Amino acid sequence: MDRVLTEKHIALGVTGSIACYKAVDLASKLTQLGALVDVLMTPSAARFVSPLSFRGVTGRAVFVDMFDPESETAEQHVVIARRAAGMIIAPASATTIARLANGLAEDMVSLTALATTAPIVVAPAMDHQMWEHPATQHNLRTLQARGALVVGPEEGRLASGHTGMGRLAETPALIAALKTAMGRHGDLAGRRIVVTAGPTREAIDTVRFISNYSSGKMGFAVAEAARDRGATVTLVTGPTALPEPWGVMTVHVQTTAQMAEAVASACEDADAIVMAAAPSDFRPAEVASRKIKRTGEEVTIRLAPNPDIIAGLPGDRLIKVGFAAESEDVLENAEAKVARKGLAFIVANDVTAPGSGFGTDTNQVVFIEASGRREHLPLLPKSEVAHRILDRVVELLREREGTRA
Ligand code: PMT
């Protein structure tokens with residue numbers, strides 16, 4: 001289940017486009033995340049995909065006819081508009097975008113969009129010439145100026161057989177945009193949060209490097225959770241297989257020195273840093289300029305220490321949150337790092353425990369603060385661990401401001 005979407009009513013407007021079939025996947029994924037999805041379709045959308053498909057994946061009524069005599073109420077659009085915590089129109093055709101820009105209410109989608117005060121996400125999908133038309137661009141700018149969030153379209157092969165801008169954004173981006181719009185006024189609105197993720201790589205020669213098993217999952221989860229709570233997020237990440245999170249400024253680095261530089265610059269105007277990355281503590285003292293050849297003899301690699309990134313950051317104006325990846329004496333070792341690195345708190349994880357640490361989707365952690373305060377969390381999805389960390393960051397930011405006032 002998802003902190004933002006669980007038990008929330010989401011109005012999903014589906015309009016006439018060949019990409020309608022992708023909206024079934026969106027409705028299904030939103031439902032799996034715990035949302036109560038009210039699907040509204042234009043009559044043209046209902047010609048591309050049957051309302052039954054949406055009913056099947058959401059288990060809920062689907063609304064197509066503005067004048068449906070079977071409807072529970074004569075003002076069905078008002079009921080849906082009022083209970084919606086967010087509305088997403090995906091795919092949004094050029095016609096629907098024009099209707100929305102001009103305040104026309106000609107079908108269940110445009111009618112509900114006009115009646116709701118919930119945040120609205122518009123996900124255009126159309127042929128590239130329609131997309132590039134000045135009327136479409138003008139209408140979109142009008143919607144954006146009124147606060148709508150536009151996601152996509154993406155470039156690629158279109159139904160017309162041409163290649164260009166016009167493909168509906170993928171489901172993860174649509175969900176991320178919806179969550180971002182819903183979290184705009186969240187408890188981190190107006191805050192700048194820096195997050196690090198993943199391993200770093202230190203070259204031995206032209207083809208080999210020293211690294212570790214960090215997948216980036218923990219750090220990416222923190223970055224996404226902060227975005228969903230309204231923060232402006234910079235994610236500094238080492239090499240991972242994860243796609244860049246939507247709505248997050250992502251900086252890619254390879255080495256610990258590069259991560260240190262990117263973090264120092266991102267932290268200049270930041271409120272907090274959550275350092276979930278596993279930067280390499282050492283690097284080969286010399287990097288061979290060509291591949292080291294196998295001779296049958298032993299090879300010795302001398303390691304030089306890398307800078308401690310988080311320890312070098314100013315702790316007076318920045319809430320510094322570290323992680324401790326420990327395999328023995330977890331709490332003692334982690335506690336020592338709080339003072340040594342000047343942290344507000346450290347998130348200690350036993351990387352040898354099942355379901356915890358590197359590469360897993362879950363983590364079991366303990367928060368340890370400079371005051372000695374400890375909070376033991378059960379095994380949780382990394383997304384929920386991320387929110388728990390941010391809950392504490394929010395409290396600390398408020399405390400800090402209370403003390404300064
Ligand atoms: O990426 P995943 O697969 O999801 O795995 C998550 C994780 C296990 C990598 C993550 O939960 C974690 O524990 N990250 C910290 C790993 C680590 O480097 O721990 P450490 O105890 O060596 O370092 C303590 C803190 O100092 C960390 O916040 C670390 O980011 C930071 N550090 C470490 C070395 C260095 N040169 N500079 C640093 O700032």
# chains A, B, ... in the order shown; residues from 1 in each chain; ligands from 1
call {"tool": "closest_atom_pairs", "arguments": {"of": "chain A", "to": "ligand 1", "cutoff": "7 Å", "atoms": "only C-alpha atoms and all ligand atoms", "output": "CSV"}}
result
residue,atom,partner,partner_atom_place_in_ligand_line,distance
A:Ala197,CA,ligand 1,1 (O),6.2
A:Gly198,CA,ligand 1,1 (O),4.9
A:Tyr213,CA,ligand 1,3 (O),6.4
A:Ser214,CA,ligand 1,1 (O),3.8
A:Ser215,CA,ligand 1,3 (O),3.6
A:Gly216,CA,ligand 1,1 (O),3.5
A:Lys217,CA,ligand 1,4 (O),3.7
A:Met218,CA,ligand 1,4 (O),3.7
A:Gly219,CA,ligand 1,1 (O),6.3
A:Thr256,CA,ligand 1,36 (N),6.5
A:Met275,CA,ligand 1,28 (O),4.4
A:Ala276,CA,ligand 1,14 (N),4.3
A:Ala277,CA,ligand 1,30 (O),4.4
A:Ala278,CA,ligand 1,18 (O),3.4
A:Pro279,CA,ligand 1,34 (C),4.8
A:Ser280,CA,ligand 1,36 (N),5.8
A:Asp281,CA,ligand 1,36 (N),4.5
A:Asn306,CA,ligand 1,36 (N),5.5
A:Pro307,CA,ligand 1,36 (N),5.2
A:Asp308,CA,ligand 1,37 (N),3.7
A:Ile309,CA,ligand 1,39 (O),3.6
A:Ile310,CA,ligand 1,39 (O),3.8
A:Ala311,CA,ligand 1,39 (O),6.2
A:Val321,CA,ligand 1,28 (O),6.9
A:Gly322,CA,ligand 1,28 (O),3.5
A:Phe323,CA,ligand 1,28 (O),3.8
A:Ala324,CA,ligand 1,21 (O),3.6
A:Ala325,CA,ligand 1,13 (O),3.8
A:Glu326,CA,ligand 1,21 (O),6.2
A:Lys337,CA,ligand 1,24 (C),6.9
A:Ala348,CA,ligand 1,13 (O),6.9
A:Asn349,CA,ligand 1,13 (O),5.8
A:Val351,CA,ligand 1,8 (C),6.1
A:Gly357,CA,ligand 1,8 (C),3.9
A:Phe358,CA,ligand 1,3 (O),3.5
A:Gly359,CA,ligand 1,3 (O),3.5
A:Thr360,CA,ligand 1,3 (O),6.1
call {"tool": "write_last_selection", "arguments": {"atoms": "N, CA and C atoms", "output": "tab-separated table (two decimals), in the first residue's frame"}}
result
chain	number	residue	atom	x	y	z
A	197	ALA	N	22.33	8.25	-3.23
A	197	ALA	CA	21.94	6.84	-3.40
A	197	ALA	C	23.01	6.08	-4.16
A	198	GLY	N	22.97	4.78	-3.96
A	198	GLY	CA	23.80	3.90	-4.79
A	198	GLY	C	25.25	3.81	-4.33
A	213	TYR	N	27.66	-3.42	-3.11
A	213	TYR	CA	26.39	-4.00	-3.58
A	213	TYR	C	25.19	-3.05	-3.50
A	214	SER	N	25.40	-1.78	-3.22
A	214	SER	CA	24.24	-0.89	-3.11
A	214	SER	C	23.50	-0.80	-4.45
A	215	SER	N	22.17	-0.99	-4.39
A	215	SER	CA	21.35	-0.95	-5.62
A	215	SER	C	20.77	0.44	-5.86
A	216	GLY	N	20.81	1.29	-4.84
A	216	GLY	CA	20.21	2.62	-4.95
A	216	GLY	C	18.76	2.66	-4.47
A	217	LYS	N	18.16	1.47	-4.18
A	217	LYS	CA	16.72	1.44	-3.86
A	217	LYS	C	16.36	2.33	-2.66
A	218	MET	N	17.20	2.25	-1.61
A	218	MET	CA	16.87	3.01	-0.39
A	218	MET	C	16.89	4.51	-0.68
A	219	GLY	N	17.94	4.99	-1.33
A	219	GLY	CA	18.06	6.42	-1.62
A	219	GLY	C	16.98	6.90	-2.58
A	256	THR	N	33.62	8.69	-5.44
A	256	THR	CA	33.30	9.37	-4.18
A	256	THR	C	33.67	10.85	-4.28
A	275	MET	N	21.75	10.87	3.49
A	275	MET	CA	22.89	10.26	2.80
A	275	MET	C	22.72	8.73	2.84
A	276	ALA	N	21.94	8.20	1.90
A	276	ALA	CA	21.70	6.75	1.86
A	276	ALA	C	22.70	6.03	0.97
A	277	ALA	N	23.56	6.81	0.28
A	277	ALA	CA	24.54	6.18	-0.61
A	277	ALA	C	25.56	5.39	0.18
A	278	ALA	N	26.21	4.49	-0.52
A	278	ALA	CA	27.33	3.76	0.08
A	278	ALA	C	28.59	4.14	-0.71
A	279	PRO	N	29.14	5.34	-0.39
A	279	PRO	CA	30.32	5.78	-1.14
A	279	PRO	C	31.53	4.96	-0.72
A	280	SER	N	32.37	4.67	-1.68
A	280	SER	CA	33.57	3.89	-1.37
A	280	SER	C	34.48	4.71	-0.46
A	281	ASP	N	34.93	4.08	0.64
A	281	ASP	CA	35.80	4.78	1.59
A	281	ASP	C	37.23	4.87	1.09
A	306	ASN	N	39.26	7.98	0.89
A	306	ASN	CA	38.41	8.98	0.24
A	306	ASN	C	37.91	9.97	1.29
A	307	PRO	N	37.47	11.15	0.88
A	307	PRO	CA	36.90	12.09	1.87
A	307	PRO	C	35.60	11.54	2.45
A	308	ASP	N	35.33	11.87	3.72
A	308	ASP	CA	34.04	11.53	4.32
A	308	ASP	C	33.08	12.66	3.95
A	309	ILE	N	32.15	12.36	3.05
A	309	ILE	CA	31.33	13.42	2.45
A	309	ILE	C	30.47	14.12	3.49
A	310	ILE	N	29.70	13.32	4.23
A	310	ILE	CA	28.71	13.93	5.14
A	310	ILE	C	29.38	14.62	6.32
A	311	ALA	N	30.53	14.06	6.76
A	311	ALA	CA	31.23	14.68	7.89
A	311	ALA	C	31.71	16.08	7.51
A	321	VAL	N	21.34	13.65	7.90
A	321	VAL	CA	20.90	12.30	8.25
A	321	VAL	C	21.81	11.31	7.53
A	322	GLY	N	22.46	10.46	8.32
A	322	GLY	CA	23.33	9.45	7.71
A	322	GLY	C	22.71	8.08	7.82
A	323	PHE	N	23.28	7.13	7.14
A	323	PHE	CA	22.94	5.73	7.28
A	323	PHE	C	24.16	5.02	7.83
A	324	ALA	N	23.97	3.92	8.51
A	324	ALA	CA	25.11	3.11	8.92
A	324	ALA	C	24.87	1.69	8.44
A	325	ALA	N	25.70	1.25	7.53
A	325	ALA	CA	25.62	-0.13	7.05
A	325	ALA	C	26.57	-0.93	7.92
A	326	GLU	N	26.02	-1.71	8.83
A	326	GLU	CA	26.86	-2.44	9.79
A	326	GLU	C	26.59	-3.94	9.69
A	337	LYS	N	29.16	6.93	14.96
A	337	LYS	CA	29.20	7.74	13.72
A	337	LYS	C	28.37	9.02	13.85
A	348	ALA	N	20.46	3.18	11.31
A	348	ALA	CA	21.35	2.01	11.38
A	348	ALA	C	20.65	0.81	10.76
A	349	ASN	N	21.31	0.18	9.80
A	349	ASN	CA	20.75	-1.08	9.29
A	349	ASN	C	21.79	-2.18	9.34
A	351	VAL	N	23.19	-4.97	7.72
A	351	VAL	CA	23.13	-5.41	6.32
A	351	VAL	C	23.26	-6.93	6.18
A	357	GLY	N	19.02	-4.11	4.17
A	357	GLY	CA	20.30	-3.67	3.61
A	357	GLY	C	20.34	-3.63	2.10
A	358	PHE	N	21.43	-4.15	1.54
A	358	PHE	CA	21.71	-4.03	0.10
A	358	PHE	C	20.73	-4.79	-0.79
A	359	GLY	N	20.18	-4.11	-1.79
A	359	GLY	CA	19.44	-4.76	-2.87
A	359	GLY	C	18.02	-5.20	-2.53
A	360	THR	N	17.64	-5.20	-1.27
A	360	THR	CA	16.30	-5.68	-0.89
A	360	THR	C	15.25	-4.58	-1.12
call {"tool": "select_by_dssp", "arguments": {"residues": "region 91-227 of chain A", "states": "strand (DSSP E or B)", "output": "ChimeraX atom specification"}}
result
/A:91-92,120-124,149-150,154-157,163-167,192-197,199,202-203,209-210
call {"tool": "write_last_selection", "arguments": {"atoms": "N, CA, C and O atoms", "output": "compact mmCIF listing (two decimals), in the first residue's frame"}}
result
# COMPACT_ATOMS: atom_id res chain seq x y z
N PRO A 91 -5.22 9.06 -21.42
CA PRO A 91 -4.59 10.07 -22.25
C PRO A 91 -5.49 11.30 -22.36
O PRO A 91 -6.71 11.18 -22.34
N ALA A 92 -4.83 12.46 -22.52
CA ALA A 92 -5.58 13.71 -22.76
C ALA A 92 -5.43 14.05 -24.24
O ALA A 92 -4.32 14.32 -24.70
N ILE A 120 -4.87 18.73 -10.63
CA ILE A 120 -5.12 18.03 -11.90
C ILE A 120 -3.81 17.79 -12.64
O ILE A 120 -2.96 18.67 -12.74
N VAL A 121 -3.68 16.54 -13.12
CA VAL A 121 -2.53 16.18 -13.97
C VAL A 121 -3.06 15.89 -15.36
O VAL A 121 -4.07 15.19 -15.52
N VAL A 122 -2.39 16.45 -16.36
CA VAL A 122 -2.80 16.25 -17.75
C VAL A 122 -1.68 15.50 -18.47
O VAL A 122 -0.52 15.93 -18.45
N ALA A 123 -2.02 14.37 -19.07
CA ALA A 123 -1.02 13.54 -19.76
C ALA A 123 -1.39 13.47 -21.24
O ALA A 123 -2.15 12.58 -21.66
N PRO A 124 -0.87 14.39 -22.05
CA PRO A 124 -1.28 14.44 -23.46
C PRO A 124 -0.80 13.21 -24.24
O PRO A 124 0.25 12.63 -23.94
N LEU A 149 -0.59 20.12 -13.75
CA LEU A 149 0.75 19.55 -13.97
C LEU A 149 0.68 18.73 -15.26
O LEU A 149 -0.21 17.90 -15.41
N VAL A 150 1.61 18.99 -16.17
CA VAL A 150 1.61 18.26 -17.44
C VAL A 150 2.71 17.22 -17.40
O VAL A 150 3.86 17.53 -17.06
N GLU A 154 5.88 11.66 -24.55
CA GLU A 154 7.23 11.20 -24.83
C GLU A 154 7.43 11.07 -26.32
O GLU A 154 6.47 11.01 -27.09
N GLU A 155 8.71 10.99 -26.69
CA GLU A 155 9.04 10.85 -28.11
C GLU A 155 9.07 9.36 -28.44
O GLU A 155 9.43 8.54 -27.62
N GLY A 156 8.66 9.01 -29.66
CA GLY A 156 8.74 7.61 -30.07
C GLY A 156 7.86 7.35 -31.26
O GLY A 156 7.38 8.29 -31.92
N ARG A 157 7.61 6.07 -31.52
CA ARG A 157 6.78 5.70 -32.66
C ARG A 157 5.32 5.98 -32.30
O ARG A 157 4.85 5.60 -31.24
N THR A 163 7.45 9.06 -36.33
CA THR A 163 8.16 9.13 -35.06
C THR A 163 8.18 10.58 -34.63
O THR A 163 8.42 11.47 -35.45
N GLY A 164 7.92 10.81 -33.36
CA GLY A 164 7.95 12.20 -32.87
C GLY A 164 7.36 12.27 -31.48
O GLY A 164 7.10 11.24 -30.84
N MET A 165 7.12 13.50 -31.01
CA MET A 165 6.54 13.71 -29.68
C MET A 165 5.05 13.39 -29.74
O MET A 165 4.37 13.84 -30.68
N GLY A 166 4.54 12.70 -28.77
CA GLY A 166 3.10 12.46 -28.77
C GLY A 166 2.69 11.20 -28.02
O GLY A 166 1.51 11.00 -27.77
N ARG A 167 3.68 10.34 -27.65
CA ARG A 167 3.32 9.10 -26.94
C ARG A 167 2.94 9.41 -25.48
O ARG A 167 3.60 10.23 -24.83
N ARG A 192 14.16 22.27 0.51
CA ARG A 192 15.09 21.66 -0.45
C ARG A 192 15.79 20.50 0.25
O ARG A 192 16.42 20.68 1.29
N ILE A 193 15.63 19.32 -0.32
CA ILE A 193 16.21 18.12 0.29
C ILE A 193 17.20 17.49 -0.70
O ILE A 193 16.88 17.30 -1.88
N VAL A 194 18.38 17.18 -0.20
CA VAL A 194 19.38 16.48 -1.01
C VAL A 194 19.42 15.03 -0.54
O VAL A 194 19.41 14.76 0.67
N VAL A 195 19.43 14.11 -1.49
CA VAL A 195 19.46 12.68 -1.15
C VAL A 195 20.58 12.05 -1.97
O VAL A 195 20.78 12.42 -3.13
N THR A 196 21.32 11.13 -1.35
CA THR A 196 22.32 10.39 -2.13
C THR A 196 21.90 8.93 -2.17
O THR A 196 21.22 8.43 -1.26
N ALA A 197 22.33 8.25 -3.23
CA ALA A 197 21.94 6.84 -3.40
C ALA A 197 23.01 6.08 -4.16
O ALA A 197 23.82 6.67 -4.89
N PRO A 199 26.04 3.05 -5.06
CA PRO A 199 27.46 2.89 -4.73
C PRO A 199 28.28 3.96 -5.46
O PRO A 199 27.72 4.73 -6.23
N GLU A 202 35.43 3.18 -8.02
CA GLU A 202 36.79 3.72 -8.02
C GLU A 202 37.63 2.88 -8.95
O GLU A 202 37.81 1.66 -8.74
N ALA A 203 38.16 3.51 -9.99
CA ALA A 203 38.88 2.77 -11.04
C ALA A 203 40.19 2.17 -10.53
O ALA A 203 40.94 2.81 -9.78
N PHE A 209 37.06 -1.81 -11.49
CA PHE A 209 36.83 -0.82 -10.43
C PHE A 209 36.51 -1.51 -9.10
O PHE A 209 36.17 -2.69 -9.08
N ILE A 210 36.62 -0.73 -8.01
CA ILE A 210 36.18 -1.17 -6.68
C ILE A 210 34.79 -0.58 -6.46
O ILE A 210 34.57 0.59 -6.77
call {"tool": "atom_distance", "arguments": {"atom1": "CA of Ala98 (chain A)", "atom2": "CA of His133 (chain A)"}}
result
11.7 Å
call {"tool": "residues_around", "arguments": {"residues": "Val37 (chain A)", "least_positions_apart": "5", "cutoff": "8 Å", "atoms": "only C-alpha atoms", "output": "list in words"}}
result
His9, Ile10, Ala11, Leu12, Ala27, Leu30, Thr31, Thr58 and Arg60 of chain A
call {"tool": "atom_distance", "arguments": {"atom1": "CA of Gln137 (chain A)", "atom2": "CA of Ala169 (chain A)"}}
result
17.1 Å
call {"tool": "select_by_dssp", "arguments": {"residues": "region 275-384 of chain A", "states": "alpha helix (DSSP H)", "output": "list in words"}}
result
Val330, Leu331, Glu332, Asn333, Ala334, Glu335, Ala336, Lys337, Val338, Ala339, Arg340, Lys382, Ser383 and Glu384 of chain A
call {"tool": "write_last_selection", "arguments": {"atoms": "N, CA, C and O atoms", "output": "mmCIF file, in the first residue's frame"}}
result
data_model
loop_
_atom_site.group_PDB
_atom_site.id
_atom_site.type_symbol
_atom_site.label_atom_id
_atom_site.label_comp_id
_atom_site.auth_asym_id
_atom_site.auth_seq_id
_atom_site.Cartn_x
_atom_site.Cartn_y
_atom_site.Cartn_z
ATOM 1 N N VAL A 330 26.009 -3.419 15.641
ATOM 2 C CA VAL A 330 25.321 -2.441 14.790
ATOM 3 C C VAL A 330 25.070 -1.112 15.518
ATOM 4 O O VAL A 330 25.455 -0.038 15.030
ATOM 5 N N LEU A 331 24.422 -1.194 16.695
ATOM 6 C CA LEU A 331 24.000 0.043 17.347
ATOM 7 C C LEU A 331 25.184 0.837 17.899
ATOM 8 O O LEU A 331 25.237 2.065 17.759
ATOM 9 N N GLU A 332 26.165 0.136 18.470
ATOM 10 C CA GLU A 332 27.343 0.816 19.029
ATOM 11 C C GLU A 332 28.107 1.540 17.921
ATOM 12 O O GLU A 332 28.471 2.705 18.037
ATOM 13 N N ASN A 333 28.358 0.809 16.819
ATOM 14 C CA ASN A 333 29.113 1.413 15.713
ATOM 15 C C ASN A 333 28.369 2.595 15.110
ATOM 16 O O ASN A 333 28.957 3.618 14.777
ATOM 17 N N ALA A 334 27.043 2.423 14.977
ATOM 18 C CA ALA A 334 26.247 3.497 14.373
ATOM 19 C C ALA A 334 26.261 4.728 15.272
ATOM 20 O O ALA A 334 26.420 5.862 14.796
ATOM 21 N N GLU A 335 26.116 4.496 16.584
ATOM 22 C CA GLU A 335 26.077 5.618 17.533
ATOM 23 C C GLU A 335 27.370 6.433 17.468
ATOM 24 O O GLU A 335 27.346 7.671 17.490
ATOM 25 N N ALA A 336 28.484 5.725 17.326
ATOM 26 C CA ALA A 336 29.772 6.431 17.268
ATOM 27 C C ALA A 336 29.831 7.354 16.043
ATOM 28 O O ALA A 336 30.432 8.431 16.089
ATOM 29 N N LYS A 337 29.155 6.929 14.958
ATOM 30 C CA LYS A 337 29.197 7.740 13.717
ATOM 31 C C LYS A 337 28.372 9.021 13.854
ATOM 32 O O LYS A 337 28.643 9.999 13.177
ATOM 33 N N VAL A 338 27.351 8.998 14.716
ATOM 34 C CA VAL A 338 26.499 10.188 14.876
ATOM 35 C C VAL A 338 27.362 11.369 15.321
ATOM 36 O O VAL A 338 27.326 12.458 14.725
ATOM 37 N N ALA A 339 28.173 11.140 16.357
ATOM 38 C CA ALA A 339 29.008 12.220 16.886
ATOM 39 C C ALA A 339 30.141 12.532 15.916
ATOM 40 O O ALA A 339 30.401 13.703 15.607
ATOM 41 N N ARG A 340 30.787 11.464 15.403
ATOM 42 C CA ARG A 340 31.966 11.681 14.539
ATOM 43 C C ARG A 340 31.613 12.480 13.286
ATOM 44 O O ARG A 340 32.390 13.296 12.828
ATOM 45 N N LYS A 382 11.015 -0.275 1.766
ATOM 46 C CA LYS A 382 11.926 0.882 1.791
ATOM 47 C C LYS A 382 11.166 2.198 1.599
ATOM 48 O O LYS A 382 11.557 3.228 2.131
ATOM 49 N N SER A 383 10.032 2.152 0.854
ATOM 50 C CA SER A 383 9.240 3.382 0.664
ATOM 51 C C SER A 383 8.708 3.875 2.010
ATOM 52 O O SER A 383 8.670 5.079 2.277
ATOM 53 N N GLU A 384 8.312 2.963 2.884
ATOM 54 C CA GLU A 384 7.774 3.366 4.184
ATOM 55 C C GLU A 384 8.918 3.801 5.117
ATOM 56 O O GLU A 384 8.764 4.761 5.881
#
call {"tool": "atom_distance", "arguments": {"atom1": "CA of Ser265 (chain A)", "atom2": "CA of Thr200 (chain A)"}}
result
17.8 Å
call {"tool": "residues_around", "arguments": {"residues": "Ala84 (chain A)", "least_positions_apart": "5", "cutoff": "9 Å", "atoms": "only C-alpha atoms", "output": "PyMOL selection string"}}
result
chain A and resi 8-11+38+79+116-119
call {"tool": "closest_residue", "arguments": {"among": "A:Leu33, A:Ala81, A:Cys20, A:Ile319", "to": "Asp2 (chain A)", "atoms": "only C-alpha atoms"}}
result
A:Leu33
call {"tool": "residues_around", "arguments": {"residues": "Val24 (chain A)", "least_positions_apart": "6", "cutoff": "9 Å", "atoms": "only C-alpha atoms", "output": "MDAnalysis selection string"}}
result
chainID A and resid 49 53:54 57
call {"tool": "write_last_selection", "arguments": {"atoms": "N, CA, C and O atoms", "output": "compact mmCIF listing (two decimals), in the first residue's frame"}}
result
# COMPACT_ATOMS: atom_id res chain seq x y z
N VAL A 49 -11.80 1.71 -25.99
CA VAL A 49 -11.70 0.67 -24.95
C VAL A 49 -13.04 0.59 -24.23
O VAL A 49 -13.63 1.63 -23.91
N SER A 53 -13.59 -2.87 -19.21
CA SER A 53 -12.19 -3.16 -18.87
C SER A 53 -11.80 -2.40 -17.61
O SER A 53 -11.13 -2.92 -16.72
N PHE A 54 -12.22 -1.13 -17.53
CA PHE A 54 -11.89 -0.32 -16.35
C PHE A 54 -12.64 -0.83 -15.13
O PHE A 54 -12.12 -0.86 -14.03
N VAL A 57 -10.77 -3.82 -13.71
CA VAL A 57 -9.53 -3.62 -12.94
C VAL A 57 -9.73 -2.77 -11.68
O VAL A 57 -8.94 -2.87 -10.74
call {"tool": "closest_atom_pairs", "arguments": {"of": "region 355-388 of chain A", "to": "region 344-347 of chain A", "cutoff": "10 Å", "atoms": "only C-alpha atoms", "output": "tab-separated table"}}
result
residue	atom	partner	partner_atom	distance
A:Gln364	CA	A:Val347	CA	9.5
A:Val365	CA	A:Val347	CA	6.1
A:Val366	CA	A:Val347	CA	5.7
A:Phe367	CA	A:Val347	CA	4.7
A:Ile368	CA	A:Ile346	CA	5.3
A:Glu369	CA	A:Phe345	CA	4.2
A:Ala370	CA	A:Ala344	CA	6.3
A:Ser371	CA	A:Phe345	CA	9.1
A:Gly372	CA	A:Phe345	CA	9.4
A:Arg373	CA	A:Phe345	CA	9.1
A:Arg374	CA	A:Phe345	CA	9.3
A:Glu375	CA	A:Val347	CA	9.5
A:His376	CA	A:Val347	CA	9.8
A:Val385	CA	A:Val347	CA	9.6
call {"tool": "write_last_selection", "arguments": {"atoms": "N, CA, C and O atoms", "output": "short mmCIF file (atom, residue, chain, number, x, y, z; two decimals), in the first residue's frame"}}
result
data_model
loop_
_atom_site.label_atom_id
_atom_site.label_comp_id
_atom_site.auth_asym_id
_atom_site.auth_seq_id
_atom_site.Cartn_x
_atom_site.Cartn_y
_atom_site.Cartn_z
N GLN A 364 15.14 -3.07 7.75
CA GLN A 364 14.82 -2.97 9.18
C GLN A 364 15.87 -2.06 9.80
O GLN A 364 17.07 -2.36 9.73
N VAL A 365 15.42 -0.95 10.37
CA VAL A 365 16.38 0.07 10.80
C VAL A 365 16.08 0.58 12.19
O VAL A 365 14.98 0.39 12.73
N VAL A 366 17.10 1.22 12.77
CA VAL A 366 16.95 1.91 14.06
C VAL A 366 17.44 3.34 13.87
O VAL A 366 18.51 3.54 13.28
N PHE A 367 16.65 4.32 14.31
CA PHE A 367 17.12 5.72 14.28
C PHE A 367 17.87 5.98 15.58
O PHE A 367 17.32 5.74 16.67
N ILE A 368 19.07 6.51 15.46
CA ILE A 368 19.84 6.86 16.67
C ILE A 368 20.19 8.34 16.58
O ILE A 368 20.79 8.78 15.59
N GLU A 369 19.83 9.09 17.62
CA GLU A 369 20.07 10.54 17.58
C GLU A 369 21.23 10.92 18.50
O GLU A 369 21.62 10.15 19.39
N ALA A 370 21.72 12.14 18.29
CA ALA A 370 22.85 12.63 19.10
C ALA A 370 22.49 12.59 20.59
O ALA A 370 23.34 12.31 21.44
N SER A 371 21.22 12.84 20.93
CA SER A 371 20.77 12.86 22.33
C SER A 371 20.73 11.46 22.95
O SER A 371 20.48 11.30 24.13
N GLY A 372 20.91 10.42 22.12
CA GLY A 372 20.81 9.05 22.61
C GLY A 372 19.44 8.44 22.32
O GLY A 372 19.23 7.24 22.48
N ARG A 373 18.46 9.29 21.89
CA ARG A 373 17.11 8.80 21.57
C ARG A 373 17.21 7.74 20.48
O ARG A 373 17.90 7.92 19.48
N ARG A 374 16.50 6.62 20.73
CA ARG A 374 16.51 5.53 19.74
C ARG A 374 15.09 5.18 19.33
O ARG A 374 14.20 5.13 20.17
N GLU A 375 14.89 4.86 18.06
CA GLU A 375 13.57 4.42 17.59
C GLU A 375 13.77 3.17 16.73
O GLU A 375 14.42 3.24 15.68
N HIS A 376 13.24 2.07 17.22
CA HIS A 376 13.38 0.80 16.49
C HIS A 376 12.18 0.62 15.57
O HIS A 376 11.05 0.65 16.03
N VAL A 385 10.07 3.11 5.04
CA VAL A 385 11.23 3.55 5.84
C VAL A 385 11.56 5.00 5.44
O VAL A 385 11.82 5.86 6.29
#
call {"tool": "closest_residue", "arguments": {"among": "A:Thr250, A:Thr180, A:Thr136, A:Gln32", "to": "Ala225 (chain A)", "atoms": "only C-alpha atoms"}}
result
A:Thr180
call {"tool": "residues_around", "arguments": {"residues": "Leu390 (chain A)", "least_positions_apart": "6", "cutoff": "9 Å", "atoms": "only C-alpha atoms", "output": "list in words"}}
result
Leu188, Val222, Ala225 and Ala226 of chain A
call {"tool": "residues_around", "arguments": {"residues": "Ala189 (chain A)", "least_positions_apart": "3", "cutoff": "6 Å", "atoms": "only C-alpha atoms", "output": "VMD selection string"}}
result
chain A and resid 185 to 186 230 to 231
call {"tool": "closest_residue", "arguments": {"among": "A:Glu244, A:Glu286, A:Glu7, A:Asp329", "to": "Ile204 (chain A)", "atoms": "only C-alpha atoms"}}
result
A:Glu286
